[in-house]
>>> print(open('upload_38.cif').read())   # mmCIF, C-alpha atoms and all ligand atoms
data_data
loop_
_atom_site.label_atom_id
_atom_site.label_comp_id
_atom_site.auth_asym_id
_atom_site.auth_seq_id
_atom_site.Cartn_x
_atom_site.Cartn_y
_atom_site.Cartn_z
CA MET A 242 -32.09 -3.78 9.15
CA ALA A 243 -33.97 -2.02 6.34
CA GLY A 244 -33.38 1.31 8.09
CA VAL A 245 -29.69 0.66 8.28
CA ALA A 246 -29.58 -0.31 4.61
CA LEU A 247 -31.34 2.90 3.63
CA LYS A 248 -29.07 5.04 5.73
CA LEU A 249 -26.07 3.32 4.26
CA SER A 250 -27.23 3.77 0.73
CA ALA A 251 -27.85 7.48 1.28
CA ALA A 252 -24.52 7.90 2.96
CA LEU A 253 -22.69 6.23 0.16
CA ARG A 254 -24.08 8.76 -2.26
CA PHE A 255 -22.48 11.23 0.09
CA VAL A 256 -19.24 9.25 -0.09
CA LYS A 257 -19.21 9.61 -3.86
CA LEU A 258 -19.91 13.32 -3.80
CA ARG A 259 -17.51 14.26 -1.08
CA SER A 260 -14.57 12.05 -1.55
CA VAL A 261 -14.48 11.08 -5.15
CA SER A 262 -15.81 13.79 -7.40
CA ARG A 263 -15.11 17.09 -5.71
CA PRO A 264 -11.86 18.89 -6.32
CA SER A 265 -11.59 19.61 -2.58
CA CYS A 266 -10.42 16.03 -2.28
CA ALA A 267 -7.33 16.65 -4.38
CA PRO A 268 -4.36 14.51 -3.40
CA SER A 269 -2.34 15.72 -0.48
CA PRO A 270 1.03 17.40 -1.17
CA ARG A 271 2.67 14.11 -0.23
CA PHE A 272 1.85 12.92 -3.76
CA HIS A 273 4.29 15.33 -5.24
CA THR A 274 7.32 14.46 -3.19
CA ALA A 275 10.49 13.15 -4.72
CA GLY A 276 9.68 9.65 -3.51
CA PHE A 277 6.86 9.33 -6.00
CA HIS A 278 7.66 7.03 -8.90
CA THR A 279 6.29 8.71 -12.01
CA GLY A 280 5.29 6.21 -14.64
CA SER A 281 6.20 3.17 -12.61
CA ALA A 282 3.65 0.49 -13.37
CA ALA A 283 5.28 -1.91 -10.90
CA MET A 284 5.04 0.60 -8.08
CA GLY A 285 1.78 2.44 -8.88
CA ALA A 286 -0.08 4.76 -11.23
CA THR A 287 1.22 8.24 -11.99
CA VAL A 288 -0.32 11.42 -10.59
CA GLU A 289 -1.68 12.15 -14.07
CA GLN A 290 -3.35 8.75 -14.31
CA PHE A 291 -4.82 9.22 -10.85
CA GLU A 292 -6.20 12.63 -11.81
CA GLN A 293 -7.66 11.20 -15.01
CA ALA A 294 -9.28 8.41 -13.06
CA LYS A 295 -10.87 10.91 -10.66
CA ASN A 296 -12.26 12.90 -13.58
CA LYS A 297 -13.58 9.78 -15.28
CA MET A 298 -15.25 8.74 -12.05
CA SER A 299 -17.56 11.73 -12.15
CA THR A 300 -18.55 10.95 -15.75
CA LEU A 301 -19.88 7.47 -14.97
CA LYS A 302 -23.43 7.20 -16.21
CA ASN A 303 -24.56 4.38 -13.91
CA ASP A 304 -24.38 4.18 -10.15
CA PRO A 305 -21.74 1.50 -9.57
CA GLY A 306 -23.44 0.28 -6.38
CA ASN A 307 -22.60 0.53 -2.70
CA GLU A 308 -19.86 -2.07 -2.63
CA ALA A 309 -18.01 -0.43 -5.51
CA LYS A 310 -18.42 3.03 -3.99
CA LEU A 311 -17.01 1.86 -0.69
CA LYS A 312 -14.04 0.36 -2.46
CA ILE A 313 -13.48 3.60 -4.37
CA TYR A 314 -13.78 5.61 -1.16
CA ALA A 315 -11.29 3.39 0.65
CA LEU A 316 -8.74 3.40 -2.18
CA PHE A 317 -9.06 7.16 -2.53
CA LYS A 318 -8.42 7.70 1.18
CA GLN A 319 -5.47 5.29 1.18
CA ALA A 320 -4.01 6.87 -1.97
CA SER A 321 -4.34 10.41 -0.64
CA GLN A 322 -3.75 9.98 3.10
CA GLY A 323 -2.08 6.61 3.56
CA ALA A 324 -3.18 3.89 5.99
CA CYS A 325 -6.27 4.53 8.10
CA SER A 326 -5.23 5.97 11.46
CA THR A 327 -8.42 7.74 12.50
CA PRO A 328 -10.28 6.34 15.55
CA LYS A 329 -12.93 3.70 14.82
CA PRO A 330 -16.42 5.31 14.86
CA GLY A 331 -18.86 4.18 17.55
CA MET A 332 -21.28 1.28 17.07
CA LEU A 333 -24.23 3.56 16.29
CA ASP A 334 -22.45 5.51 13.60
CA PHE A 335 -23.29 2.86 10.97
CA VAL A 336 -22.16 4.87 8.02
CA GLY A 337 -18.93 6.09 9.55
CA LYS A 338 -18.14 2.56 10.66
CA VAL A 339 -18.72 1.01 7.22
CA LYS A 340 -16.50 3.63 5.61
CA TRP A 341 -13.87 3.24 8.30
CA ASP A 342 -13.93 -0.57 7.90
CA ALA A 343 -13.46 -0.28 4.14
CA TRP A 344 -10.49 2.05 4.51
CA ASN A 345 -8.99 0.12 7.39
CA SER A 346 -9.27 -3.18 5.47
CA LEU A 347 -6.64 -1.92 3.05
CA GLY A 348 -4.11 -2.30 5.86
CA SER A 349 -0.69 -0.92 5.10
CA ILE A 350 -0.77 -1.00 1.31
CA SER A 351 1.29 1.89 0.02
CA GLN A 352 -0.18 5.09 -1.39
CA ASP A 353 1.42 4.19 -4.73
CA GLU A 354 -0.32 0.88 -4.78
CA ALA A 355 -3.67 2.33 -3.67
CA ARG A 356 -3.41 4.85 -6.50
CA GLN A 357 -2.76 2.00 -8.94
CA GLN A 358 -5.70 -0.02 -7.69
CA TYR A 359 -7.93 3.07 -7.78
CA CYS A 360 -7.00 3.65 -11.44
CA ASP A 361 -7.49 -0.02 -12.32
CA PHE A 362 -10.87 -0.14 -10.66
CA ILE A 363 -12.22 3.08 -12.18
CA GLY A 364 -10.84 1.86 -15.52
CA SER A 365 -12.83 -1.35 -15.20
CA LEU A 366 -16.03 0.60 -14.37
CA VAL A 367 -15.53 2.88 -17.35
CA ALA A 368 -14.80 -0.10 -19.60
CA ALA A 369 -17.95 -1.84 -18.34
CA GLU A 370 -19.94 1.16 -19.58
CA GLY A 371 -18.39 0.81 -22.99
CA GLY A 372 -15.69 3.46 -22.58
CA THR A 373 -11.96 2.92 -22.82
CA SER A 374 -9.95 2.26 -19.72
CA ALA A 375 -6.63 2.31 -21.53
CA SER A 376 -5.70 5.80 -20.45
CA LEU A 377 -6.54 5.16 -16.80
CA ALA A 378 -4.76 2.06 -15.72
CA ALA A 379 -1.01 2.01 -15.72
CA GLU A 380 -0.53 -0.21 -18.73
CA PRO A 381 1.73 -3.20 -18.37
CA ALA A 382 5.02 -1.92 -19.72
CA GLY A 383 6.33 -4.28 -22.37
CA GLY A 384 2.86 -4.84 -23.81
CA GLY A 385 2.39 -8.32 -22.40
CA ALA A 386 -0.84 -10.24 -21.87
CA THR A 387 -3.28 -9.04 -19.23
CA TYR A 388 -4.95 -11.21 -16.61
CA ASP A 389 -8.06 -10.84 -14.45
CA THR A 390 -6.34 -12.12 -11.33
CA LEU A 391 -2.85 -10.67 -11.75
CA LEU A 392 -1.11 -7.41 -12.51
CA VAL A 393 1.88 -8.19 -14.69
CA THR A 394 4.37 -5.47 -15.55
CA THR A 395 7.86 -5.30 -16.97
CA GLU A 396 10.00 -2.37 -16.01
CA ASP A 397 13.67 -1.73 -15.26
CA LYS A 398 14.36 -5.26 -16.59
CA ILE A 399 12.15 -6.75 -13.88
CA THR A 400 8.92 -8.60 -14.66
CA THR A 401 6.58 -8.35 -11.69
CA ILE A 402 3.68 -10.77 -11.27
CA LYS A 403 1.40 -9.31 -8.64
CA LEU A 404 -1.34 -11.53 -7.22
CA ASN A 405 -4.36 -9.26 -7.39
CA ARG A 406 -7.29 -10.48 -5.30
CA PRO A 407 -6.61 -8.42 -2.17
CA ALA A 408 -10.19 -8.74 -0.86
CA LYS A 409 -9.63 -12.52 -0.68
CA LYS A 410 -6.10 -12.15 0.64
CA ASN A 411 -4.88 -13.23 -2.82
CA ALA A 412 -6.20 -16.79 -2.41
CA ILE A 413 -5.39 -18.71 -5.59
CA THR A 414 -8.40 -19.79 -7.66
CA THR A 415 -8.24 -22.27 -10.52
CA GLU A 416 -8.21 -19.36 -12.96
CA MET A 417 -5.38 -17.74 -11.05
CA TYR A 418 -3.25 -20.92 -11.09
CA ASN A 419 -3.58 -20.94 -14.86
CA ASP A 420 -2.84 -17.21 -15.05
CA ILE A 421 0.32 -17.58 -12.96
CA ILE A 422 1.52 -20.49 -15.10
CA ALA A 423 0.95 -18.36 -18.23
CA ALA A 424 2.61 -15.29 -16.70
CA LEU A 425 5.67 -17.31 -15.67
CA ASP A 426 5.87 -18.77 -19.15
CA GLN A 427 5.68 -15.27 -20.61
CA ALA A 428 8.31 -13.95 -18.16
CA ALA A 429 10.63 -16.84 -19.01
CA LYS A 430 10.61 -15.68 -22.63
CA ASP A 431 10.59 -11.89 -22.26
CA ASP A 432 13.75 -9.78 -22.07
CA SER A 433 13.56 -9.12 -18.33
CA VAL A 434 16.48 -10.21 -16.15
CA ILE A 435 14.63 -10.96 -12.91
CA THR A 436 11.06 -12.10 -12.24
CA VAL A 437 9.26 -11.12 -9.05
CA ILE A 438 6.12 -12.53 -7.47
CA THR A 439 4.36 -10.35 -4.92
CA GLY A 440 0.86 -9.66 -3.59
CA ALA A 441 -1.57 -6.73 -3.75
CA GLY A 442 -2.92 -5.45 -0.44
CA ASP A 443 -1.89 -6.44 3.05
CA PHE A 444 -1.39 -10.17 2.37
CA TYR A 445 1.14 -11.91 0.18
CA CYS A 446 -1.20 -14.87 -0.40
CA SER A 447 -3.61 -17.01 1.62
CA GLY A 448 -2.86 -20.14 -0.41
CA ASN A 449 -5.24 -22.33 -2.32
CA ASP A 450 -8.70 -20.75 -2.58
CA LEU A 451 -10.71 -23.21 -0.55
CA SER A 452 -13.76 -22.58 -2.73
CA ASN A 453 -11.91 -24.57 -5.43
CA PHE A 454 -13.06 -27.59 -3.42
CA THR A 455 -16.70 -26.60 -3.47
CA LYS A 456 -17.17 -26.56 -7.24
CA ILE A 457 -17.80 -30.25 -7.78
CA PRO A 458 -17.95 -31.20 -11.50
CA GLU A 459 -20.33 -33.75 -12.98
CA GLY A 460 -17.75 -36.51 -12.57
CA GLY A 461 -17.80 -35.91 -8.80
CA LEU A 462 -14.93 -35.70 -6.33
CA GLN A 463 -12.69 -38.03 -8.33
CA GLU A 464 -12.84 -35.74 -11.35
CA LEU A 465 -12.23 -32.71 -9.15
CA ALA A 466 -9.20 -34.41 -7.60
CA GLN A 467 -7.87 -35.43 -11.02
CA SER A 468 -8.18 -31.98 -12.58
CA GLY A 469 -6.87 -30.32 -9.39
CA GLY A 470 -3.91 -32.69 -9.39
CA ASP A 471 -3.08 -32.00 -13.04
CA LEU A 472 -3.25 -28.27 -12.41
CA LEU A 473 -1.11 -28.43 -9.27
CA ARG A 474 1.52 -30.52 -11.06
CA SER A 475 1.76 -27.98 -13.90
CA TYR A 476 1.81 -25.08 -11.45
CA VAL A 477 4.74 -26.41 -9.43
CA LYS A 478 6.50 -27.50 -12.63
CA ALA A 479 6.42 -23.89 -13.83
CA TYR A 480 8.51 -22.93 -10.77
CA ILE A 481 10.90 -25.90 -11.03
CA ASP A 482 11.63 -25.15 -14.68
CA PHE A 483 11.73 -21.36 -14.43
CA PRO A 484 15.01 -20.39 -16.13
CA LYS A 485 15.78 -16.94 -14.66
CA PRO A 486 16.27 -15.63 -11.12
CA LEU A 487 12.89 -15.77 -9.37
CA VAL A 488 12.29 -13.50 -6.39
CA ALA A 489 9.43 -13.54 -3.85
CA VAL A 490 8.67 -10.08 -2.47
CA VAL A 491 6.62 -11.20 0.52
CA ASN A 492 4.62 -8.10 1.38
CA GLY A 493 2.53 -9.71 4.15
CA PRO A 494 1.38 -13.03 5.60
CA ALA A 495 1.79 -16.10 3.40
CA VAL A 496 -0.18 -19.34 3.71
CA GLY A 497 -0.17 -22.79 2.11
CA ILE A 498 1.12 -23.18 -1.41
CA SER A 499 2.49 -19.65 -1.50
CA VAL A 500 4.89 -20.79 1.26
CA THR A 501 5.64 -24.31 0.05
CA VAL A 502 6.95 -23.16 -3.34
CA MET A 503 9.33 -20.73 -1.64
CA GLY A 504 12.06 -23.36 -1.67
CA LEU A 505 11.97 -23.03 -5.48
CA PHE A 506 12.66 -19.28 -5.46
CA ASP A 507 16.18 -17.89 -5.71
CA LEU A 508 15.60 -15.01 -3.28
CA VAL A 509 12.85 -14.45 -0.72
CA TYR A 510 12.58 -10.92 0.69
CA ALA A 511 10.01 -10.42 3.44
CA THR A 512 8.53 -7.54 5.38
CA ASP A 513 8.77 -8.01 9.15
CA ARG A 514 4.95 -8.18 9.09
CA ALA A 515 5.02 -11.41 7.07
CA THR A 516 4.26 -14.80 8.57
CA PHE A 517 4.69 -18.25 7.02
CA HIS A 518 2.05 -20.88 7.64
CA THR A 519 1.34 -24.28 6.09
CA PRO A 520 -1.76 -25.63 7.89
CA PHE A 521 -2.03 -28.86 5.90
CA SER A 522 -2.84 -31.38 8.59
CA GLN A 523 -5.38 -28.93 9.99
CA LEU A 524 -7.09 -29.14 6.58
CA GLY A 525 -6.73 -32.92 6.24
CA GLN A 526 -4.21 -32.39 3.42
CA SER A 527 -0.51 -32.99 2.85
CA ALA A 528 2.51 -31.03 1.68
CA GLU A 529 3.00 -29.75 -1.90
CA GLY A 530 5.20 -27.35 -3.83
CA CYS A 531 8.14 -29.76 -3.32
CA SER A 532 8.24 -28.66 0.33
CA SER A 533 8.41 -32.27 1.54
CA TYR A 534 11.87 -32.24 -0.03
CA THR A 535 13.01 -28.59 0.02
CA PHE A 536 11.96 -27.75 3.61
CA PRO A 537 13.88 -30.56 5.38
CA LYS A 538 16.83 -29.71 3.14
CA ILE A 539 16.68 -26.00 3.93
CA MET A 540 15.85 -26.08 7.65
CA GLY A 541 16.45 -29.69 8.76
CA PRO A 542 13.75 -32.35 9.25
CA ALA A 543 12.86 -31.38 12.84
CA LYS A 544 12.01 -27.79 11.98
CA ALA A 545 10.36 -28.77 8.68
CA SER A 546 8.09 -31.20 10.55
CA GLU A 547 6.97 -28.47 12.93
CA MET A 548 5.73 -26.55 9.91
CA LEU A 549 4.52 -29.28 7.58
CA LEU A 550 3.04 -31.71 10.11
CA PHE A 551 2.12 -29.56 13.08
CA ASN A 552 1.10 -26.30 11.36
CA LYS A 553 3.62 -24.09 13.17
CA LYS A 554 3.37 -20.53 11.91
CA LEU A 555 6.76 -18.79 11.56
CA SER A 556 7.45 -15.09 11.90
CA ALA A 557 9.56 -13.51 9.17
CA GLU A 558 12.57 -13.47 11.51
CA GLN A 559 12.16 -17.17 12.32
CA ALA A 560 11.79 -18.04 8.65
CA CYS A 561 14.96 -16.07 7.94
CA GLU A 562 16.90 -17.80 10.71
CA LEU A 563 15.84 -21.17 9.26
CA GLY A 564 16.96 -20.19 5.74
CA LEU A 565 13.55 -20.07 4.05
CA VAL A 566 13.76 -16.27 3.76
CA SER A 567 16.85 -14.45 2.45
CA GLU A 568 16.34 -11.17 4.31
CA VAL A 569 13.73 -9.36 6.40
CA PHE A 570 13.06 -5.61 6.09
CA PRO A 571 11.10 -3.23 8.32
CA ASP A 572 7.61 -2.86 6.90
CA SER A 573 7.94 0.94 6.74
CA SER A 574 10.84 0.78 4.26
CA PHE A 575 10.17 -2.65 2.73
CA GLN A 576 9.05 -1.58 -0.74
CA THR A 577 11.68 1.13 -1.16
CA GLU A 578 14.60 -1.00 0.01
CA VAL A 579 13.61 -4.15 -1.85
CA TRP A 580 12.89 -2.49 -5.19
CA SER A 581 16.03 -0.40 -5.19
CA ARG A 582 18.04 -3.56 -4.44
CA LEU A 583 16.30 -5.52 -7.20
CA LYS A 584 16.78 -2.73 -9.73
CA LYS A 585 20.53 -2.92 -9.10
CA TYR A 586 20.54 -6.71 -9.42
CA ALA A 587 18.65 -6.45 -12.70
CA GLN A 588 21.60 -4.53 -14.18
CA LEU A 589 23.84 -7.61 -13.84
CA PRO A 590 24.63 -9.57 -17.03
CA PRO A 591 21.45 -11.58 -17.73
CA ASN A 592 23.03 -14.68 -19.26
CA SER A 593 25.49 -15.03 -16.42
CA LEU A 594 22.63 -14.83 -13.90
CA ALA A 595 20.40 -17.30 -15.75
CA LEU A 596 23.19 -19.80 -16.38
CA SER A 597 24.37 -19.66 -12.76
CA LYS A 598 20.84 -20.22 -11.52
CA GLN A 599 20.45 -23.19 -13.82
CA LEU A 600 23.75 -24.65 -12.56
CA ILE A 601 22.62 -24.33 -8.95
CA ARG A 602 19.31 -26.05 -9.72
CA SER A 603 20.20 -28.55 -12.44
CA ALA A 604 21.46 -31.33 -10.18
CA GLU A 605 18.13 -31.26 -8.39
CA LYS A 606 15.72 -30.77 -11.25
CA GLN A 607 14.69 -34.35 -11.93
CA ARG A 608 14.44 -34.99 -8.22
CA LEU A 609 12.10 -32.02 -7.83
CA HIS A 610 9.85 -33.27 -10.63
CA ASP A 611 9.68 -36.68 -8.96
CA VAL A 612 8.84 -35.10 -5.61
CA ASN A 613 6.16 -32.98 -7.29
CA ASP A 614 4.58 -36.11 -8.84
CA ALA A 615 4.59 -37.95 -5.51
CA GLU A 616 3.10 -35.01 -3.60
CA VAL A 617 0.34 -34.54 -6.19
CA GLU A 618 -0.54 -38.23 -6.06
CA ARG A 619 -0.86 -38.12 -2.27
CA LEU A 620 -2.94 -34.95 -2.39
CA MET A 621 -5.38 -36.34 -4.95
CA GLU A 622 -6.14 -39.05 -2.41
CA ARG A 623 -6.40 -36.48 0.42
CA TRP A 624 -8.83 -34.27 -1.53
CA THR A 625 -11.35 -37.12 -1.70
CA SER A 626 -11.02 -37.87 2.02
CA ASP A 627 -13.56 -37.12 4.73
CA GLU A 628 -10.88 -35.33 6.74
CA CYS A 629 -10.35 -32.78 3.99
CA PHE A 630 -14.06 -32.37 3.23
CA GLN A 631 -14.87 -31.70 6.90
CA ALA A 632 -12.02 -29.19 7.26
CA VAL A 633 -13.03 -27.17 4.19
CA MET A 634 -16.67 -27.16 5.27
CA SER A 635 -15.78 -25.92 8.73
CA PHE A 636 -13.70 -23.05 7.23
CA PHE A 637 -16.70 -21.79 5.27
CA GLN A 638 -19.10 -22.41 8.17
CA SER A 639 -16.90 -20.34 10.49
CA LYS A 640 -16.90 -17.52 7.91
CA ALA A 641 -20.69 -17.76 7.52
CA LYS A 642 -21.21 -17.29 11.29
CA LEU A 643 -19.37 -13.95 11.36
N1 LIG A 701 -9.76 -19.54 0.36
C1 LIG A 701 -10.95 -18.93 0.18
N2 LIG A 701 -11.26 -17.73 0.72
C2 LIG A 701 -10.31 -17.15 1.47
C3 LIG A 701 -9.06 -17.72 1.70
C4 LIG A 701 -8.80 -18.98 1.10
N3 LIG A 701 -7.62 -19.58 1.23
N4 LIG A 701 -8.33 -16.89 2.46
C5 LIG A 701 -9.10 -15.83 2.72
N5 LIG A 701 -10.29 -15.98 2.12
C6 LIG A 701 -11.41 -15.04 2.11
C7 LIG A 701 -12.24 -15.12 3.39
O1 LIG A 701 -13.21 -16.13 3.28
C8 LIG A 701 -12.85 -13.72 3.40
O2 LIG A 701 -13.87 -13.69 2.45
P1 LIG A 701 -15.21 -12.82 2.75
O3 LIG A 701 -14.73 -11.40 2.87
O4 LIG A 701 -16.07 -13.06 1.54
O5 LIG A 701 -15.76 -13.38 4.03
C9 LIG A 701 -11.73 -12.84 2.81
O6 LIG A 701 -10.88 -13.72 2.08
C10 LIG A 701 -10.90 -12.15 3.86
O7 LIG A 701 -10.41 -13.13 4.76
P2 LIG A 701 -10.65 -13.07 6.35
O8 LIG A 701 -10.64 -14.46 6.87
O9 LIG A 701 -11.86 -12.25 6.65
O10 LIG A 701 -9.36 -12.25 6.80
P3 LIG A 701 -8.49 -12.48 8.12
O11 LIG A 701 -7.43 -11.44 8.06
O12 LIG A 701 -9.35 -12.59 9.32
O13 LIG A 701 -7.81 -13.94 7.92
C11 LIG A 701 -6.62 -15.68 6.77
C12 LIG A 701 -7.00 -14.19 6.80
C13 LIG A 701 -5.85 -15.94 5.49
C14 LIG A 701 -5.76 -16.01 7.98
C15 LIG A 701 -7.91 -16.55 6.82
O14 LIG A 701 -8.82 -16.10 5.83
C16 LIG A 701 -7.65 -18.01 6.57
O15 LIG A 701 -7.28 -18.74 7.46
N6 LIG A 701 -7.84 -18.44 5.30
C17 LIG A 701 -7.65 -19.82 4.93
C18 LIG A 701 -6.19 -20.04 4.63
C19 LIG A 701 -5.94 -21.48 4.23
O16 LIG A 701 -6.26 -22.38 4.97
N7 LIG A 701 -5.40 -21.66 3.01
C20 LIG A 701 -5.16 -22.95 2.47
C21 LIG A 701 -3.88 -23.47 2.99
S1 LIG A 701 -3.55 -25.07 2.43
#
>>> encode(input="upload_38.cif", output="structure tokens", more="lines below")
Ligand code: COA
Amino acid sequence: MAGVALKLSAALRFVKLRSVSRPSCAPSPRFHTAGFHTGSAAMGATVEQFEQAKNKMSTLKNDPGNEAKLKIYALFKQASQGACSTPKPGMLDFVGKVKWDAWNSLGSISQDEARQQYCDFIGSLVAAEGGTSASLAAEPAGGGATYDTLLVTTEDKITTIKLNRPAKKNAITTEMYNDIIAALDQAAKDDSVITVITGAGDFYCSGNDLSNFTKIPEGGLQELAQSGGDLLRSYVKAYIDFPKPLVAVVNGPAVGISVTVMGLFDLVYATDRATFHTPFSQLGQSAEGCSSYTFPKIMGPAKASEMLLFNKKLSAEQACELGLVSEVFPDSSFQTEVWSRLKKYAQLPPNSLALSKQLIRSAEKQRLHDVNDAEVERLMERWTSDECFQAVMSFFQSKAKL
């Protein structure tokens, strides 16, 4: 093992030299095509910002470590060449395989997005050394608050809240719940017309971060359940009360609470790669996000029960046929088609849109709050149950065996 570690460490120095610092790795001509969105923070960093980030990379004083270098390598490759399509190296090519795995793990994230994440990451390394990252990352247009777990931007009258923990499939931590609540609150008050929630990387969201259950406070499980319940209630409330059109841009698979709140969105656009899964009984839990009310209403009780009781995973097409999703797009043109559509919608008169949305939802609002309360109460009991404890433990044990 030590030999492998040494080889890897040496090879990663090579990664830095070859792929990150040297001008021979300049972006491919594809960067300069008309399809590139200069200055679009929602869609990715500009070519200039990417170039600046590359230059800054070579000025770093400290070695950022193997994990960081692999991430930089992978983002650089994705940004400059797109998704990994080279053959997987053989078992004995340790270095090639680690690099390939890192690149391949980025899945089908767009070159725009990879460029943005590259800039953000280099910016954070520079900032950690005491430099300024302001000129590297695409700044949130509109000058709003910044969050560790989200990328929030306002552009073309659209506020985009991007879940930004791609390495964890955008699983929602306690911090992230609070960040999303704050970002929704901010979006409700800003001058955007439409608000979008989407995910960074190849997943939309893998639901509640199950490690939230492993951080037991001094007051024990009861206290954990109480604080988790209060947070969940506020989180779902932020969706119920959201005053403007809310759109889910479902860029990949969605699990758990990211699916259950979909009944509270006004539009759900999905790539044909997306799936919709609510494995509550598998985890000893019960439905939330008002899905115990919205799902039977949207798709009928029989289909809702397949999802909410028996963990049936839906494809994007199935979810669309059942009315949970508004429209499905081919993955290859998903981002382009969806964003051009949303930009047009955002030109519509804002007050008319907001007031119409409120009319559609107002008859239901109190009902939704009541459902939210009832679901939270049930879940607080579930979270202290043996069934839930065992299920969460077996998730982490199965990960540990890999
Ligand atoms: N909570 C905590 N960590 C999660 C997570 C979650 N909900 N979803 C993914 N992760 C972590 C994994 O543990 C893994 O971490 P590691 O790299 O440190 O090992 C990382 O994210 C990548 O996930 P991985 O499982 O390796 O990717 P995959 O493509 O094989 O599978 C999922 C993705 C989402 C299908 C799988 O991770 C999963 O089933 N997650 C649990 C989903 C869930 O039950 N959510 C709660 C619903 S109520």
>>> closest_atom_pairs(input="upload_38.cif", of="chain A", to="ligand LIG 701 (chain A)", cutoff="8 Å", atoms="all atoms listed in the file", output="tab-separated table")
residue	atom	partner	partner_atom	distance
A:Ala408	CA	A:LIG701	C9	5.7
A:Lys409	CA	A:LIG701	O6	3.3
A:Lys410	CA	A:LIG701	C5	5.2
A:Asn411	CA	A:LIG701	N4	7.3
A:Ala412	CA	A:LIG701	N3	4.8
A:Ile413	CA	A:LIG701	N3	7.2
A:Phe444	CA	A:LIG701	C13	7.9
A:Cys446	CA	A:LIG701	C13	7.6
A:Ser447	CA	A:LIG701	C13	4.6
A:Gly448	CA	A:LIG701	N7	4.5
A:Asn449	CA	A:LIG701	C20	4.8
A:Asp450	CA	A:LIG701	N1	3.4
A:Leu451	CA	A:LIG701	N1	3.9
A:Ser452	CA	A:LIG701	C1	5.4
A:Asn453	CA	A:LIG701	N1	8.0
A:Pro494	CA	A:LIG701	C13	7.8
A:Ala495	CA	A:LIG701	C13	7.9
A:Val496	CA	A:LIG701	C21	5.6
A:Gly497	CA	A:LIG701	C21	3.9
A:Ile498	CA	A:LIG701	S1	6.3
A:His518	CA	A:LIG701	C21	8.0
A:Thr519	CA	A:LIG701	C21	6.1
A:Pro520	CA	A:LIG701	C21	5.8
A:Phe521	CA	A:LIG701	S1	5.4
A:Leu524	CA	A:LIG701	S1	6.8
A:Gln526	CA	A:LIG701	S1	7.4
A:Phe636	CA	A:LIG701	C17	7.2
A:Phe637	CA	A:LIG701	O1	6.9
A:Lys640	CA	A:LIG701	O5	5.8
A:Ala641	CA	A:LIG701	O5	7.5
>>> atom_distance(input="upload_38.cif", atom1="atom CA of Lys398 of chain A", atom2="atom CA of Gly493 of chain A")
24.3 Å
>>> residues_around(input="upload_38.cif", residues="Trp344 of chain A", least_positions_apart="2", cutoff="10 Å", atoms="only C-alpha atoms", output="list in words")
Leu311, Lys312, Ile313, Tyr314, Ala315, Leu316, Phe317, Lys318, Gln319, Gly323, Ala324, Cys325, Ser326, Lys338, Val339, Lys340, Trp341, Asp342, Ser346, Leu347 and Gly348 of chain A
>>> atom_distance(input="upload_38.cif", atom1="atom CA of Phe517 of chain A", atom2="atom CA of Ala632 of chain A")
20.0 Å
>>> residues_near_point(input="upload_38.cif", point="(18.4, -26.4, -9.4)", cutoff="10 Å", atoms="all atoms listed in the file", output="list of chain:residue names")
A:Ile481, A:Asp482, A:Phe483, A:Pro484, A:Leu505, A:Phe506, A:Asp507, A:Ser597, A:Lys598, A:Gln599, A:Leu600, A:Ile601, A:Arg602, A:Ser603, A:Ala604, A:Glu605, A:Lys606, A:Gln607, A:Arg608, A:Leu609
>>> closest_residue(input="upload_38.cif", among="A:Thr535, A:Thr415, A:Gln463, A:Thr577", to="Tyr476 of chain A", atoms="only C-alpha atoms")
A:Thr415
